[in-house]
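*Asks:* Contents of entry-v1.cif (mmCIF, C-alpha atoms and all ligand atoms):
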```cif
data_coords
#
loop_
_atom_site.label_atom_id
_atom_site.label_comp_id
_atom_site.auth_asym_id
_atom_site.auth_seq_id
_atom_site.Cartn_x
_atom_site.Cartn_y
_atom_site.Cartn_z
CA MET A 5 -1.21 -7.99 -0.22
CA PRO A 6 -1.02 -4.49 -1.64
CA GLU A 7 1.31 -2.07 0.15
CA LEU A 8 2.45 1.44 -0.76
CA PRO A 9 4.21 0.53 -4.06
CA GLU A 10 1.21 -1.44 -5.33
CA ALA A 11 -1.30 1.30 -4.36
CA GLU A 12 0.97 3.93 -5.92
CA THR A 13 1.28 1.90 -9.14
CA ILE A 14 -2.51 1.64 -9.35
CA ARG A 15 -2.82 5.38 -8.69
CA ARG A 16 -0.35 6.23 -11.45
CA GLY A 17 -2.15 3.96 -13.89
CA LEU A 18 -5.51 5.57 -13.15
CA GLU A 19 -4.48 9.21 -12.94
CA ALA A 20 -4.47 10.23 -16.61
CA PRO A 21 -7.38 8.13 -17.89
CA LEU A 22 -9.66 8.72 -14.89
CA GLY A 23 -9.03 12.40 -14.12
CA GLY A 24 -11.99 14.62 -15.06
CA ARG A 25 -14.30 11.69 -15.82
CA THR A 26 -17.86 11.58 -14.50
CA ILE A 27 -19.36 8.64 -12.63
CA LEU A 28 -22.68 7.97 -14.30
CA ARG A 29 -23.88 4.89 -12.43
CA ILE A 30 -22.62 2.53 -9.78
CA TYR A 31 -23.37 -1.19 -9.61
CA VAL A 32 -22.78 -2.84 -6.25
CA ARG A 33 -22.47 -6.62 -6.39
CA PHE A 34 -21.08 -7.14 -2.90
CA PRO A 35 -22.44 -4.60 -0.38
CA ASP A 36 -20.05 -5.96 2.30
CA LEU A 37 -17.25 -4.12 0.45
CA LEU A 38 -18.87 -0.79 1.28
CA ALA A 39 -18.71 1.06 4.58
CA ALA A 40 -22.18 2.54 3.90
CA PRO A 41 -25.42 1.02 2.55
CA PRO A 42 -25.38 0.87 -1.28
CA PRO A 43 -28.08 3.55 -1.85
CA ALA A 44 -26.12 6.11 0.22
CA PHE A 45 -22.88 5.14 -1.53
CA ARG A 46 -24.47 5.53 -4.96
CA SER A 47 -26.18 8.83 -4.27
CA ALA A 48 -22.96 10.30 -2.83
CA LEU A 49 -20.94 9.57 -5.97
CA GLU A 50 -23.22 9.28 -9.00
CA GLY A 51 -22.96 12.37 -11.17
CA ARG A 52 -19.68 13.43 -9.54
CA HIS A 53 -16.44 14.30 -11.37
CA VAL A 54 -13.09 12.75 -10.50
CA HIS A 55 -10.96 15.70 -9.45
CA THR A 56 -7.85 13.98 -8.08
CA VAL A 57 -6.41 10.47 -8.13
CA GLY A 58 -4.31 10.20 -5.00
CA ARG A 59 -2.96 7.80 -2.43
CA ARG A 60 -2.53 7.75 1.31
CA GLY A 61 -0.50 4.87 2.74
CA LYS A 62 -1.82 1.66 1.18
CA ASN A 63 -5.10 3.33 0.12
CA VAL A 64 -6.03 4.71 -3.28
CA VAL A 65 -7.98 7.95 -2.74
CA LEU A 66 -10.20 9.49 -5.41
CA GLY A 67 -11.18 13.12 -4.83
CA PHE A 68 -14.52 14.37 -6.19
CA SER A 69 -15.87 17.83 -6.76
CA ASP A 70 -19.04 19.42 -8.05
CA SER A 71 -18.47 20.89 -11.49
CA GLY A 72 -17.68 24.39 -10.17
CA GLY A 73 -15.58 23.29 -7.17
CA GLN A 74 -12.02 24.44 -6.55
CA GLY A 75 -10.76 21.31 -4.85
CA PRO A 76 -12.25 17.98 -3.86
CA ASP A 77 -14.99 18.11 -1.24
CA LEU A 78 -15.61 14.37 -1.13
CA ARG A 79 -13.20 11.44 -1.14
CA LEU A 80 -13.52 7.79 -1.97
CA VAL A 81 -10.96 5.88 0.10
CA VAL A 82 -10.24 2.45 -1.37
CA ASN A 83 -8.54 0.08 1.05
CA LEU A 84 -7.40 -2.82 -1.12
CA GLY A 85 -7.37 -5.32 1.75
CA MET A 86 -5.69 -8.62 0.87
CA SER A 87 -6.52 -8.98 -2.80
CA GLY A 88 -8.26 -5.81 -4.02
CA ARG A 89 -7.69 -4.43 -7.52
CA LEU A 90 -8.88 -1.30 -9.27
CA VAL A 91 -9.07 -1.96 -12.97
CA LEU A 92 -10.04 0.51 -15.66
CA ARG A 93 -11.71 -0.92 -18.75
CA GLU A 94 -12.52 1.34 -21.64
CA ARG A 95 -15.42 0.57 -23.95
CA ASP A 96 -13.26 -1.07 -26.62
CA ASP A 97 -11.26 -3.25 -24.20
CA ALA A 98 -11.19 -6.75 -25.68
CA SER A 99 -9.32 -8.40 -22.80
CA GLU A 100 -10.89 -10.84 -20.36
CA PRO A 101 -13.05 -8.94 -17.83
CA PRO A 102 -12.18 -9.32 -14.11
CA SER A 103 -13.52 -12.54 -12.58
CA HIS A 104 -14.73 -11.10 -9.25
CA PRO A 105 -16.11 -7.60 -9.81
CA GLY A 106 -17.37 -6.23 -6.49
CA VAL A 107 -18.31 -2.68 -7.39
CA GLU A 108 -18.47 -1.17 -10.88
CA PHE A 109 -18.41 2.52 -11.71
CA GLU A 110 -19.81 3.36 -15.13
CA LEU A 111 -17.96 6.35 -16.56
CA ASP A 112 -18.73 8.90 -19.24
CA GLY A 113 -17.27 7.77 -22.55
CA GLY A 114 -18.40 4.22 -21.95
CA GLY A 115 -15.56 2.97 -19.73
CA ARG A 116 -15.80 1.28 -16.37
CA LEU A 117 -13.73 1.42 -13.23
CA ILE A 118 -14.03 -1.97 -11.57
CA TYR A 119 -13.20 -2.80 -7.98
CA HIS A 120 -12.32 -6.47 -8.01
CA ASP A 121 -11.62 -8.45 -4.86
CA ILE A 122 -11.42 -12.24 -4.60
CA ARG A 123 -11.11 -12.44 -0.82
CA ARG A 124 -13.24 -9.37 -0.09
CA PHE A 125 -11.26 -7.92 2.80
CA GLY A 126 -11.11 -4.56 1.02
CA ARG A 127 -13.29 -1.60 1.95
CA LEU A 128 -14.62 1.39 0.01
CA ARG A 129 -15.51 4.45 2.05
CA VAL A 130 -16.89 7.85 1.11
CA LEU A 131 -15.68 10.66 3.38
CA GLU A 132 -16.50 14.34 3.34
CA GLU A 133 -13.47 16.60 3.49
CA PRO A 134 -13.30 17.14 7.30
CA ALA A 135 -13.71 13.40 7.98
CA PHE A 136 -11.09 12.64 5.36
CA ARG A 137 -8.63 15.04 7.03
CA GLU A 138 -9.24 13.45 10.39
CA TRP A 139 -8.68 9.96 8.96
CA SER A 140 -5.54 11.06 7.14
CA ASP A 141 -4.16 12.79 10.23
CA GLY A 142 -4.52 9.51 12.11
CA LEU A 143 -2.00 7.87 9.80
CA GLY A 144 1.76 8.23 10.10
CA PRO A 145 3.92 10.14 7.62
CA GLU A 146 4.38 9.08 4.02
CA PRO A 147 7.81 7.41 3.89
CA LEU A 148 8.63 8.86 0.45
CA SER A 149 7.67 12.43 1.33
CA ARG A 150 10.34 15.06 1.83
CA ARG A 151 9.16 15.57 5.39
CA PHE A 152 9.99 12.00 6.30
CA THR A 153 13.59 12.47 7.42
CA ALA A 154 15.93 10.11 9.28
CA LYS A 155 15.53 12.45 12.24
CA ARG A 156 11.78 12.02 12.21
CA LEU A 157 12.14 8.25 11.95
CA MET A 158 14.55 8.33 14.90
CA ALA A 159 12.09 10.35 16.98
CA GLY A 160 9.29 7.90 16.24
CA LEU A 161 11.34 4.79 16.93
CA SER A 162 12.74 6.17 20.19
CA ARG A 163 9.24 6.31 21.69
CA SER A 164 8.54 2.60 21.31
CA GLY A 165 9.90 -0.62 22.72
CA SER A 166 8.05 -2.79 20.16
CA PRO A 167 10.05 -4.94 17.75
CA VAL A 168 11.07 -2.66 14.88
CA ARG A 169 9.31 -4.90 12.31
CA SER A 170 6.00 -4.48 14.22
CA TRP A 171 6.64 -0.73 14.51
CA LEU A 172 7.05 -0.45 10.74
CA LEU A 173 3.75 -2.27 10.13
CA ASP A 174 1.75 0.08 12.37
CA GLN A 175 -0.01 2.48 9.97
CA ARG A 176 -0.33 5.12 12.70
CA ARG A 177 3.46 5.34 12.92
CA ILE A 178 4.32 5.19 9.25
CA ALA A 179 1.86 4.89 6.37
CA GLY A 180 1.98 2.30 3.62
CA VAL A 181 4.57 -0.22 4.83
CA GLY A 182 3.47 -3.84 5.10
CA ASN A 183 5.26 -7.08 5.81
CA ILE A 184 7.01 -7.48 2.46
CA TYR A 185 8.75 -4.12 2.36
CA ALA A 186 9.36 -3.96 6.13
CA ASN A 187 11.36 -7.20 5.93
CA GLU A 188 13.21 -6.09 2.79
CA ALA A 189 14.12 -2.73 4.33
CA LEU A 190 15.37 -4.34 7.56
CA PHE A 191 17.57 -6.69 5.55
CA GLY A 192 18.89 -3.71 3.57
CA ALA A 193 19.68 -1.93 6.83
CA ARG A 194 21.18 -5.07 8.47
CA VAL A 195 18.79 -4.72 11.39
CA HIS A 196 17.21 -7.78 13.02
CA PRO A 197 13.37 -7.55 12.77
CA ARG A 198 12.98 -8.26 16.48
CA THR A 199 15.26 -5.45 17.67
CA ALA A 200 13.34 -3.11 19.99
CA ALA A 201 12.55 0.11 18.07
CA ASN A 202 14.17 2.30 20.74
CA ARG A 203 17.37 0.22 20.76
CA LEU A 204 18.42 1.01 17.19
CA SER A 205 21.63 3.03 17.01
CA GLU A 206 21.72 6.30 15.10
CA VAL A 207 23.68 4.60 12.33
CA GLU A 208 21.09 1.84 12.09
CA VAL A 209 18.24 4.35 11.91
CA ARG A 210 19.98 6.13 9.03
CA GLN A 211 20.53 2.82 7.26
CA LEU A 212 16.89 1.87 7.81
CA HIS A 213 15.64 5.23 6.55
CA ARG A 214 17.73 4.90 3.40
CA ALA A 215 16.88 1.22 2.85
CA LEU A 216 13.16 1.78 3.32
CA ARG A 217 13.00 4.58 0.76
CA ARG A 218 15.23 2.71 -1.67
CA VAL A 219 13.13 -0.46 -1.47
CA LEU A 220 9.82 1.41 -1.87
CA ARG A 221 11.10 3.42 -4.84
CA ALA A 222 12.53 0.35 -6.56
CA ALA A 223 9.27 -1.52 -6.01
CA ILE A 224 7.26 1.34 -7.56
CA GLN A 225 9.66 1.31 -10.50
CA ALA A 226 8.95 -2.42 -10.89
CA GLN A 227 5.18 -1.74 -10.61
CA GLY A 228 4.93 -3.62 -7.33
CA THR A 229 5.13 -7.25 -6.22
CA THR A 230 2.74 -9.80 -7.69
CA PHE A 231 2.61 -13.18 -6.01
CA GLN A 232 -0.95 -13.98 -6.96
CA ASP A 233 -3.72 -11.39 -6.91
CA TYR A 234 -2.21 -7.96 -7.32
CA ARG A 235 -2.44 -6.29 -10.75
CA THR A 236 -1.80 -2.77 -11.99
CA ALA A 237 -4.75 -0.60 -13.10
CA LEU A 238 -4.23 -1.93 -16.62
CA GLY A 239 -4.23 -5.55 -15.49
CA SER A 240 -0.53 -6.39 -15.71
CA ARG A 241 1.67 -8.00 -13.05
CA GLY A 242 4.28 -6.20 -10.96
CA SER A 243 7.80 -7.54 -11.32
CA TYR A 244 9.39 -6.83 -7.93
CA ALA A 245 8.89 -10.42 -6.67
CA SER A 246 12.02 -11.49 -8.55
CA ARG A 247 14.04 -8.84 -6.71
CA LEU A 248 13.01 -9.73 -3.16
CA ARG A 249 16.05 -10.61 -1.06
CA VAL A 250 14.50 -12.18 2.05
CA TYR A 251 10.69 -12.09 1.94
CA GLY A 252 9.36 -15.56 1.08
CA ARG A 253 12.92 -16.89 0.57
CA GLU A 254 13.25 -19.14 3.60
CA GLY A 255 16.09 -21.66 3.18
CA ARG A 256 17.63 -19.89 0.18
CA PRO A 257 21.20 -18.59 0.44
CA CYS A 258 21.61 -14.98 1.57
CA SER A 259 21.93 -12.70 -1.46
CA ARG A 260 24.97 -11.07 0.16
CA ARG A 261 26.74 -14.43 -0.17
CA CYS A 262 27.59 -14.36 3.51
CA GLY A 263 27.22 -18.14 3.64
CA ALA A 264 24.06 -18.22 5.77
CA GLY A 265 20.55 -19.06 4.58
CA VAL A 266 17.41 -16.92 4.93
CA GLU A 267 15.39 -17.80 8.02
CA ARG A 268 11.74 -17.29 8.86
CA LEU A 269 10.50 -16.59 12.33
CA VAL A 270 7.01 -15.77 13.48
CA PHE A 271 6.11 -13.02 15.92
CA GLY A 272 3.23 -10.57 16.13
CA ASN A 273 1.24 -13.20 14.15
CA ARG A 274 3.32 -12.53 11.05
CA SER A 275 6.35 -14.15 9.46
CA ALA A 276 9.61 -12.26 9.53
CA PHE A 277 12.37 -13.16 7.05
CA LEU A 278 15.99 -12.42 7.76
CA CYS A 279 19.58 -13.45 7.31
CA PRO A 280 20.84 -14.53 10.74
CA ARG A 281 24.40 -13.57 9.87
CA CYS A 282 23.78 -10.14 8.29
CA GLN A 283 21.08 -9.14 10.81
CA SER A 284 22.44 -10.09 14.21
CA GLU A 285 20.09 -11.10 17.00
CA PRO A 286 19.54 -8.11 19.32
CA ASP A 287 20.31 -10.08 22.53
CA LEU A 288 23.79 -11.00 21.31
CA ARG A 289 25.15 -7.51 20.98
CA GLU A 290 24.21 -5.93 24.28
ZN ZN B 1 23.63 -12.73 4.98
#
```
Would you put the structure from the file into structure tokens?
*Replies:*
Amino acid sequence: MPELPEAETIRRGLEAPLGGRTILRIYVRFPDLLAAPPPAFRSALEGRHVHTVGRRGKNVVLGFSDSGGQGPDLRLVVNLGMSGRLVLRERDDASEPPSHPGVEFELDGGGRLIYHDIRRFGRLRVLEEPAFREWSDGLGPEPLSRRFTAKRLMAGLSRSGSPVRSWLLDQRRIAGVGNIYANEALFGARVHPRTAANRLSEVEVRQLHRALRRVLRAAIQAQGTTFQDYRTALGSRGSYASRLRVYGREGRPCSRRCGAGVERLVFGNRSAFLCPRCQSEPDLRE
């Protein structure tokens, strides 16, 4: 499911072609994808100009302004859920159209921005600026921002006794990290996913901070991880799946050639993947 690198890849693909465009009409095929009734959704956005193409955590955020506005005064927050895609199709696009369009935005110049979602767990929400700020303030820091330092990560972790993997998945603590990149970062940092957040040593926190940022940056570079549904804004697949070291690799040899095999264990209703030799069990090192 889309995490920060996938949302960021979509954002980058949309930014140049979508910036400054006007939404002429909106077609809603599946109203359950919207947080508001379709008529309210349409009247909020039809006739508006795309001012910014941004991202917050795993969400793609389009900012809208009236023609004379300085900055955006309305935001469309697109939560991609499990299988959401945002695909831009210009008028002359000869490729196969998306199979499950949920909401279509007709743009000036004849193109369309299509929200496509097979499983329909995604959600599109229109927020006025104060409500957007409040929502954004409720999320944790962006892990690739300059303000996200190892010190800040340490302070956050020290306040929680949850398993560090669960801590990383909590969007209120850190924004944009899901199960794939949490597991990859913990492997990179040699930290067992079940270690209590407040039991990580200072060295481990530094390693985790570095590994998390490295993994997210590399995944953006690879345009994200496609197992099945995820596509970039132009419809292509991300290539990071071939570079995963533990996620989904149960039973395969550890990529550090330590001699152990990758194991899967389930807690917090989610699978964790780890190398039992490189990421020692927290109980064994007390
Ligand atoms: Zn290993």
*Asks:* Could you pull the residues within 6 Å of A:Ile30, counting all atoms listed in the file, minus those fewer than 2 positions along the same chain, as a PyMOL selection string?
*Replies:* chain A and resi 46+108-109
*Asks:* When you count all atoms listed in the file, which of these residues is closest to A:Glu110: A:Phe271, A:Tyr251, A:Phe191, A:Tyr31?
*Replies:* A:Tyr31
*Asks:* I'd like the contact shell of A:Arg52 - 12 Å cut-off, all atoms listed in the file, skipping same-chain residues fewer than 4 positions apart - returned as an NGL selection string.
*Replies:* :A and (23-30 or 45-48 or 56 or 66-73 or 76-80 or 109-112)
*Asks:* So which one's closest to A:Ala223, A:Arg176, A:Leu8, A:Phe125, A:Arg203? Using only C-alpha atoms, please.
*Replies:*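 Result for the nearest residue to A:Ala223: A:Leu8.
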*Asks:* Quick one: residues within 10 Å of A:Leu172, all atoms listed in the file, excluding same-chain residues fewer than 2 positions away - as a ChimeraX atom specification?
*Replies:* /A:161,166-170,174-183,185-187,189-190,197,201,216
*Asks:* For chain A against ligand ZN 1 (chain B), with a cut-off of 6 Å and counting all atoms listed in the file, what is the closest atom pair and its distance in Å to one decimal for every residue that makes the cut, ordered by chain and number, as CSV?
*Replies:*
```
residue,atom,partner,partner_atom,distance
A:Cys258,CA,B:ZN1,ZN,4.6
A:Arg260,CA,B:ZN1,ZN,5.3
A:Cys262,CA,B:ZN1,ZN,4.5
A:Ala264,CA,B:ZN1,ZN,5.6
A:Cys279,CA,B:ZN1,ZN,4.7
A:Arg281,CA,B:ZN1,ZN,5.0
A:Cys282,CA,B:ZN1,ZN,4.2
```
*Asks:* Could you dump the residues just selected with C-alpha atoms as an mmCIF file, in the frame of the given file?
*Replies:*
```cif
data_model
loop_
_atom_site.group_PDB
_atom_site.id
_atom_site.type_symbol
_atom_site.label_atom_id
_atom_site.label_comp_id
_atom_site.auth_asym_id
_atom_site.auth_seq_id
_atom_site.Cartn_x
_atom_site.Cartn_y
_atom_site.Cartn_z
ATOM 1 C CA CYS A 258 21.610 -14.980 1.570
ATOM 2 C CA ARG A 260 24.970 -11.070 0.160
ATOM 3 C CA CYS A 262 27.590 -14.360 3.510
ATOM 4 C CA ALA A 264 24.060 -18.220 5.770
ATOM 5 C CA CYS A 279 19.580 -13.450 7.310
ATOM 6 C CA ARG A 281 24.400 -13.570 9.870
ATOM 7 C CA CYS A 282 23.780 -10.140 8.290
#
```
*Asks:* Kindly extract all protein, DNA and RNA residues lying within 10 Å of the coordinates (8.1, -7.8, -12.6) given in the file, considering all atoms listed in the file, and supply them as a VMD selection string.
*Replies:* chain A and resid 223 225 to 230 240 to 247
*Asks:* Could you work out how far atom CA of A:Gly88 lies from atom CA of A:Gly126, giving the answer in Å with one decimal?
*Replies:*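 Separation of atom CA of A:Gly126 and atom CA of A:Gly88: 5.9 Å.
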*Asks:* So, with all atoms listed in the file as the atoms that count, which of A:Val57, A:Ala44, A:Ala159, A:Val32 lies closest to A:Gly106?
*Replies:* A:Val32
*Asks:* Please, what distance in Å, to one decimal, runs between atom CA of A:Pro41 and atom CA of A:Ala135?
*Replies:*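 Going from atom CA of A:Pro41 over to atom CA of A:Ala135, I get 17.9 Å.
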*Asks:* Calculate how many Å separate atom CA of A:Ala200 from atom CA of A:Ser164, rounding to one decimal.
*Replies:*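 Separating atom CA of A:Ala200 from atom CA of A:Ser164 is a distance of 7.6 Å.
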*Asks:* Which residues are close to A:Pro21, i.e. within 10 Å by only C-alpha atoms, leaving aside same-chain residues fewer than 3 positions away? Reply as a CSV table (one decimal) with C-alpha atoms, in the frame of the given file.
*Replies:*
```csv
chain,number,residue,atom,x,y,z
A,16,ARG,CA,-0.4,6.2,-11.4
A,17,GLY,CA,-2.2,4.0,-13.9
A,18,LEU,CA,-5.5,5.6,-13.2
A,24,GLY,CA,-12.0,14.6,-15.1
A,25,ARG,CA,-14.3,11.7,-15.8
A,92,LEU,CA,-10.0,0.5,-15.7
A,94,GLU,CA,-12.5,1.3,-21.6
A,115,GLY,CA,-15.6,3.0,-19.7
```
*Asks:* Could you give me, as a PyMOL selection string, the residues within 9 Å of A:Arg59, counting only C-alpha atoms and dropping anything in the same chain fewer than 2 positions from it?
*Replies:* chain A and resi 8+11-12+15+57+61-66+81
*Asks:* Of the candidates A:Glu285, A:Val82, A:Ile14, A:Leu173, which one gets nearest to A:Gly272 if we count all atoms listed in the file?
*Replies:*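 Once distances to A:Gly272 are computed over all atoms listed in the file, the minimum belongs to A:Leu173.
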*Asks:* Given only C-alpha atoms as the basis, pick out the residue of A:Gly165, A:Gly75, A:Gly239, A:Pro134 nearest to A:Ile118.
*Replies:*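 Looking at the shortest contact to A:Ile118, the residue is A:Gly239.
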*Asks:* Using only C-alpha atoms for the distances, tell me which of A:Gly192, A:Leu143, A:Pro102, A:Trp171 is nearest to A:Ser259.
*Replies:*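 Looking at the shortest contact to A:Ser259, the residue is A:Gly192.
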